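Visitor: Take a look at this one; I'll ask things after.
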Amino acid sequence: MKSGTKCRTIVDALSDEIAAGRYRAPSSFPSAERIVRRFKVSYATAVKALDELKKRGLVYSVVGSGTFVTKTAGRSIGLLAPAWSGSDFFPALCHAISAICQSRSRPLLFADTSSDSNEGIGERLVSLANSLVSERVSGILCHPVDFCEDARAANEAVLGVFRKAGVPVVLLDCDIVPPPGESGYDVVGIDNVAAGWRLGEHVISRGARRILFVSMFANVSSNMQSRLAGLHNAVAGTRGARVDAFDMPSGNGGESALADCLKGKLPDAVVCSSDKVAAMALKALRSIGCSVPGDVLVTGVNDTSIATLTDPPLTTIRQPCATIARIAFETLDRRRKDPDTPPMRVFLPAPLIEREST
């Protein structure tokens with residue numbers, strides 16, 4: 001076995017043991033001499049492996065005392081979810097990620113922008129990224145910014161911080177570039193094109209021909225664009241079927257603007273980008289005297305608690321949060337062990353959940 005291969009084997013084995021909590025800080029870490037005896041390698045290879053562990057921020061040395069594990073080094077995971085409080089999906093996903101980290105005894109450090117304002121989002125996220133790096137996290141689970149015009153620049157700045165620090169990253173929900181582009185990062189989420197297609201097929205099977213896709217940030221969100229593309233695919237083979245799109249303003253005027261749009265020409269179905277948007281659509285339809293599903297069919301995406309609390313309850317696409325969390329966690333560990341492995345793009349199937357709104 002070559003020296004470089006031996007060194008990687010040692011680094012991987014000791015990194016796994018650190019992550020498993022075998023060397024509790026401030027207990028002493030194996031010396032170069034102990035590594036030589038255990039792995040049957042040269043002293044130079046043992047020193048090289050220790051240097052690599054130090055470079056990763058997993059251990060540190062004190063002259064005359066030995067080598068020690070950095071506090072929580074290699075065990076904690078950072079979760080960066082910009083403006084998560086404004087989403088009906090991310091609280092559920094964050095809960096699932098927290099649960100998987102607890103089950104694997106891995107501390108989770110959560111960071112979000114805590115602001116609904118897009119102004120200065122890039123600077124705020126870079127600051128959060130630097131804070132996570134300073135905590136010596138072993139890896140990052142990150143949802144890219146996808147709700148502002150300068151999202152691409154903000155995402156590249158944040159990922160640049162992690163890349164410079166050598167911290168592996170797995171992207172949640174979507175890539176930082178719109179499909180079919182690929183950034184080279186691992187990505188775990190659902191197949192949004194298939195989700196849009198599935199919703200389209202469903203409302204068409206219920207007789208809908210005039211379909212309105214309602215979203216926020218549709219002009220900048222790759223997920224919204226993918227769902228709309230899937231919806232267009234669904235109607236492509238149905239005579240007389242068509243899709244129009246309405247990008248609903250965020251804030252207090254959203255429902256009123258949607259109501260005005262609906263008054264102009266009532267569709268057969270309103271396919272919404274999320275359960276939160278669908279709940280607003282139900283209110284807008286009620287305000288103009290329309291019944292659901294009697295006059296209009298309404299669907300959402302995510303299957304959060306909102307979907308069962310609306311009147312009527314929403315037909316929606318279920319996000320498999322527990323599966324996304326597990327695969328993202330395992331992908332991050334794989335990336336940490338082998339930084340040179342080709343990027344993985346995992347887009348999971350998301351089932352349609354039928355309820356009274358259709």
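Labels for the structure tokens follow display order: chains A, B, ..., residues from 1 in each chain, ligands from 1.
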Set the distance at 9 Å and use only C-alpha atoms: which residues neighbour stretch 247-254 of chain A once local chain neighbours fewer than 5 positions away are removed? I'd like the list as a PyMOL selection string.
Guide: chain A and resi 213-219+259+277+280
Visitor: For the residues selected in the previous step, produce a file with C-alpha atoms as a PDB file, in the first residue's frame.
Guide:
ATOM      1  CA  PHE A 213     -49.988  28.108 -11.186  1.00  0.00           C
ATOM      2  CA  VAL A 214     -49.574  30.433  -8.192  1.00  0.00           C
ATOM      3  CA  SER A 215     -46.205  31.010  -6.551  1.00  0.00           C
ATOM      4  CA  MET A 216     -44.029  33.521  -4.774  1.00  0.00           C
ATOM      5  CA  PHE A 217     -40.566  34.257  -6.148  1.00  0.00           C
ATOM      6  CA  ALA A 218     -41.282  32.171  -9.271  1.00  0.00           C
ATOM      7  CA  ASN A 219     -38.960  34.377 -11.312  1.00  0.00           C
ATOM      8  CA  ALA A 259     -58.212  37.752  -5.673  1.00  0.00           C
ATOM      9  CA  VAL A 277     -49.521  29.745  -0.801  1.00  0.00           C
ATOM     10  CA  MET A 280     -53.741  32.116   0.859  1.00  0.00           C
TER      11      MET A 280
END
Visitor: May I have the residues within 9 Å of A:Ile35 as a ChimeraX atom specification, using only C-alpha atoms and disregarding those fewer than 5 positions away in the same chain?
Guide: /A:10,30,40-41,43,46-47
Visitor: What residues in stretch 189-331 of chain A get the DSSP label helix (DSSP H, G or I)? Please answer as a PyMOL selection string.
Guide: chain A and resi 192-205+222-235+254-264+275-287+306-309+321-331
Visitor: Just want the 9 Å neighbourhood of stretch 298-315 of chain A, counted on only C-alpha atoms, with same-chain residues fewer than 2 positions away dropped. Output as JSON, numbers by chain.
Guide: {"A": [88, 89, 92, 195, 199, 203, 268, 269, 270, 271, 272, 273, 274, 275, 276, 277, 278, 279, 281, 282, 292, 293, 296, 317, 318, 319, 320, 352, 353, 354, 355, 356, 357, 358]}
Visitor: So that I have them on file, write out the residues from the current selection with N, CA and C atoms, as a compact mmCIF listing (two decimals), in the first residue's frame.
Guide:
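again35.txt, freshly written:
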# COMPACT_ATOMS: atom_id res chain seq x y z
N ASP A 88 -43.06 27.08 4.95
CA ASP A 88 -43.86 26.08 5.65
C ASP A 88 -43.20 24.71 5.63
N PHE A 89 -42.14 24.56 4.82
CA PHE A 89 -41.48 23.27 4.66
C PHE A 89 -40.26 23.11 5.55
N ALA A 92 -40.17 21.67 9.24
CA ALA A 92 -40.32 20.21 9.29
C ALA A 92 -39.02 19.52 8.91
N ALA A 195 -43.07 16.41 -9.39
CA ALA A 195 -44.12 16.89 -8.49
C ALA A 195 -45.14 17.75 -9.24
N LEU A 199 -49.20 16.82 -9.96
CA LEU A 199 -50.32 17.70 -9.63
C LEU A 199 -51.15 18.01 -10.87
N VAL A 203 -55.27 17.14 -11.36
CA VAL A 203 -56.39 18.08 -11.59
C VAL A 203 -57.00 17.87 -12.97
N ASP A 268 -60.11 26.59 -13.66
CA ASP A 268 -60.71 25.36 -13.14
C ASP A 268 -59.92 24.84 -11.93
N ALA A 269 -58.64 25.12 -11.91
CA ALA A 269 -57.78 24.64 -10.81
C ALA A 269 -56.69 25.66 -10.53
N VAL A 270 -56.36 25.81 -9.25
CA VAL A 270 -55.25 26.64 -8.82
C VAL A 270 -54.20 25.71 -8.21
N VAL A 271 -53.10 25.53 -8.91
CA VAL A 271 -52.01 24.68 -8.44
C VAL A 271 -50.97 25.60 -7.80
N CYS A 272 -50.74 25.43 -6.51
CA CYS A 272 -49.89 26.36 -5.75
C CYS A 272 -48.53 25.76 -5.48
N SER A 273 -47.56 26.63 -5.30
CA SER A 273 -46.17 26.20 -5.12
C SER A 273 -45.89 25.65 -3.74
N SER A 274 -46.79 25.91 -2.78
CA SER A 274 -46.61 25.40 -1.41
C SER A 274 -47.96 25.38 -0.72
N ASP A 275 -48.03 24.70 0.42
CA ASP A 275 -49.26 24.70 1.21
C ASP A 275 -49.57 26.10 1.74
N LYS A 276 -48.54 26.85 2.08
CA LYS A 276 -48.73 28.21 2.58
C LYS A 276 -49.40 29.09 1.53
N VAL A 277 -48.92 28.99 0.29
CA VAL A 277 -49.52 29.74 -0.80
C VAL A 277 -50.94 29.25 -1.07
N ALA A 278 -51.16 27.94 -0.98
CA ALA A 278 -52.49 27.38 -1.21
C ALA A 278 -53.49 27.88 -0.17
N ALA A 279 -53.05 28.01 1.08
CA ALA A 279 -53.93 28.53 2.12
C ALA A 279 -54.35 29.97 1.80
N ALA A 281 -54.52 31.15 -1.24
CA ALA A 281 -55.41 31.04 -2.39
C ALA A 281 -56.83 30.70 -1.95
N LEU A 282 -56.97 29.84 -0.96
CA LEU A 282 -58.30 29.51 -0.43
C LEU A 282 -59.00 30.75 0.11
N VAL A 292 -64.54 25.79 -2.91
CA VAL A 292 -63.52 24.79 -3.23
C VAL A 292 -63.95 23.47 -2.58
N PRO A 293 -64.09 22.39 -3.36
CA PRO A 293 -63.72 22.24 -4.76
C PRO A 293 -64.86 22.47 -5.76
N VAL A 296 -63.64 25.67 -7.97
CA VAL A 296 -62.21 25.62 -8.31
C VAL A 296 -61.52 24.54 -7.47
N ILE A 317 -48.49 17.65 -2.34
CA ILE A 317 -47.35 16.75 -2.54
C ILE A 317 -46.61 16.63 -1.21
N ARG A 318 -46.36 15.42 -0.78
CA ARG A 318 -45.69 15.21 0.51
C ARG A 318 -44.17 15.21 0.33
N GLN A 319 -43.51 16.08 1.07
CA GLN A 319 -42.04 16.08 1.11
C GLN A 319 -41.58 15.00 2.10
N PRO A 320 -40.78 14.02 1.66
CA PRO A 320 -40.32 12.97 2.56
C PRO A 320 -39.17 13.46 3.44
N LEU A 352 -48.35 12.07 -4.06
CA LEU A 352 -49.53 12.94 -4.03
C LEU A 352 -50.44 12.48 -2.90
N ILE A 353 -50.86 13.43 -2.06
CA ILE A 353 -51.79 13.13 -0.97
C ILE A 353 -53.13 13.81 -1.31
N GLU A 354 -54.15 13.01 -1.56
CA GLU A 354 -55.44 13.53 -1.98
C GLU A 354 -56.31 13.87 -0.76
N ARG A 355 -56.87 15.09 -0.79
CA ARG A 355 -57.81 15.51 0.25
C ARG A 355 -58.97 16.28 -0.39
N GLU A 356 -59.81 16.89 0.42
CA GLU A 356 -61.07 17.42 -0.03
C GLU A 356 -60.97 18.61 -0.99
N SER A 357 -59.82 19.28 -1.06
CA SER A 357 -59.72 20.47 -1.90
C SER A 357 -59.79 20.16 -3.40
N THR A 358 -59.67 18.85 -3.75
CA THR A 358 -59.84 18.47 -5.15
C THR A 358 -60.90 17.39 -5.29
Visitor: When distances are computed from only C-alpha atoms, which of A:Cys7, A:Val169, A:Ala325, A:Val346 shows the smallest separation from A:Ala99?
Guide: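 Answer, going by the shortest atom-to-atom distance: A:Ala325.
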Visitor: As a PyMOL selection string, list the residues of stretch 75-310 of chain A assigned to strand (DSSP E or B) by DSSP on the backbone atoms of this structure.
Guide: chain A and resi 77-80+108-111+139-142+169-172+186-190+210-215+242-247+269-272+297-299+302
Visitor: Could you check the closest approach to A:Arg34 for each of A:Glu135, A:Arg163, A:Phe246, A:Gly66 and tell me which residue wins, using only C-alpha atoms?
Guide: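 Under the stated criterion, the closest residue is A:Gly66.
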